[in-house]
Amino acid sequence: MPASPTDRPPSSKIPTSTRKASPYERIKQAIMSGALAAGEPLVEIPLAEWCEVSRTPIREALTRLEQDGLVQRTERGLIVRESTPGEIIDLYEARIVLESKVAAVAAERHTVADLSSMRRAEEQYRRSAHDDVDLAESNRGFHRAIWVASHNNALIDLLERLNMHLGRHPLTTLQFPGRHEAAIVEHHDMVAAISARDAELAAKLATQHFSEAQEIRLRLLEQG
């Protein structure tokens, strides 16, 4: 079996689907899943063996990941970038603004097909199991359905990049007592406002939804 990035067996956290992905996607997923932890060194030869490619595509992948802000160059080489609590809160601040805007635009631009997708995603989250991975994936699917309904590629691109950075951090906001149940109601209300083409209400509900997530993240950071 090919070596893992740190000479360990590949983590079970890494989706099986990434085994045939490009080195960039595979390393990115390892970082996003936590299989490659913050501060972990990224050495070309073990990565090349793990991905079963030469060092050139690994070097190119690491350059892209550095541009994405997931990898950091230090005196001891490239490592998985660590984020400070302040940077994490900044990500939430930016997301509140963007999610509010994309909900308003979705209310104005959505199609019948978009509304159907949002309702399916809402139901998927409602039925999701109470574990971090399932909750997070179904939650991302719901919000991505709203992004798509905006038909605004610039907003979608910005939100995808924010989501990439937030996805690296523990997914415990969804496991916070009562949060899953509250989110079910909040998701339903957002879909209802978008369906009614009430852009102002959709924006307000999105702001409240993500402000609550930010508040929970603050509490978790304070707890260490």
# chains A, B, ... in the order shown; residues from 1 in each chain; ligands from 1
$ residues_around --residues "A:Ile194" --least-positions-apart "3" --cutoff "9 Å" --atoms "only C-alpha atoms" --output "JSON, numbers by chain"
{"A": [103, 104, 105, 106, 107, 108, 110, 115, 146, 189, 190, 191, 197, 198, 199, 201, 202]}
$ write_last_selection --atoms "C-alpha atoms" --output "short mmCIF file (atom, residue, chain, number, x, y, z; two decimals), in the first residue's frame"
data_model
loop_
_atom_site.label_atom_id
_atom_site.label_comp_id
_atom_site.auth_asym_id
_atom_site.auth_seq_id
_atom_site.Cartn_x
_atom_site.Cartn_y
_atom_site.Cartn_z
CA ALA A 103 -30.06 34.58 0.58
CA ALA A 104 -31.48 37.92 -0.57
CA VAL A 105 -30.36 37.34 -4.16
CA ALA A 106 -31.74 33.78 -4.09
CA ALA A 107 -35.10 35.20 -3.01
CA GLU A 108 -35.08 37.41 -6.09
CA HIS A 110 -34.63 31.43 -7.69
CA LEU A 115 -36.82 25.81 -4.72
CA ILE A 146 -29.25 28.50 -1.54
CA ASP A 189 -37.82 29.71 7.77
CA MET A 190 -35.11 30.70 5.29
CA VAL A 191 -36.60 28.52 2.56
CA ARG A 197 -39.38 36.21 -2.69
CA ASP A 198 -38.98 38.25 0.47
CA ALA A 199 -35.34 39.30 0.04
CA LEU A 201 -36.56 38.71 5.44
CA ALA A 202 -34.31 36.08 3.82
#
$ residues_around --residues "A:Tyr125" --least-positions-apart "2" --cutoff "7 Å" --atoms "only C-alpha atoms" --output "PyMOL selection string"
chain A and resi 121-123+127-128+135+138-139
$ write_last_selection --atoms "C-alpha atoms" --output "PDB file, in the first residue's frame"
ATOM      1  CA  ALA A 121     -31.633  19.754   1.056  1.00  0.00           C
ATOM      2  CA  GLU A 122     -33.685  21.040   3.995  1.00  0.00           C
ATOM      3  CA  GLU A 123     -35.224  17.596   4.443  1.00  0.00           C
ATOM      4  CA  ARG A 127     -33.012  13.581   8.661  1.00  0.00           C
ATOM      5  CA  SER A 128     -29.232  13.684   9.149  1.00  0.00           C
ATOM      6  CA  LEU A 135     -24.458  16.927  10.072  1.00  0.00           C
ATOM      7  CA  SER A 138     -25.944  17.860   4.993  1.00  0.00           C
ATOM      8  CA  ASN A 139     -25.652  21.388   6.388  1.00  0.00           C
TER       9      ASN A 139
END
$ closest_residue --among "A:His187, A:His165, A:Arg64, A:Lys101" --to "A:Ser150" --atoms "only C-alpha atoms"
A:Lys101
$ select_by_dssp --residues "chain A" --states "strand (DSSP E or B)" --output "ChimeraX atom specification"
/A:41,71-74,77-80
$ atom_distance --atom1 "atom CA of A:Phe210" --atom2 "atom CA of A:Ala193"
16.1 Å
$ closest_residue --among "A:Glu160, A:Glu181, A:Glu99, A:Glu222" --to "A:Ala206" --atoms "only C-alpha atoms"
A:Glu99
$ residues_around --residues "A:Ile96" --least-positions-apart "5" --cutoff "12 Å" --atoms "only C-alpha atoms" --output "list in words"
Ile89, Asp90, Leu91, Lys101, Val102, Ala103, Leu159, Leu162, Asn163, Ala203, Lys204, Leu205, Ala206, Thr207, Gln208, His209, Phe210, Ser211, Glu212, Ala213, Gln214 and Glu215 of chain A
$ select_by_dssp --residues "stretch 44-202 of chain A" --states "alpha helix (DSSP H)" --output "VMD selection string"
chain A and resid 44 to 51 55 to 68 85 to 109 112 to 127 132 to 150 153 to 166 179 to 195 199 to 202
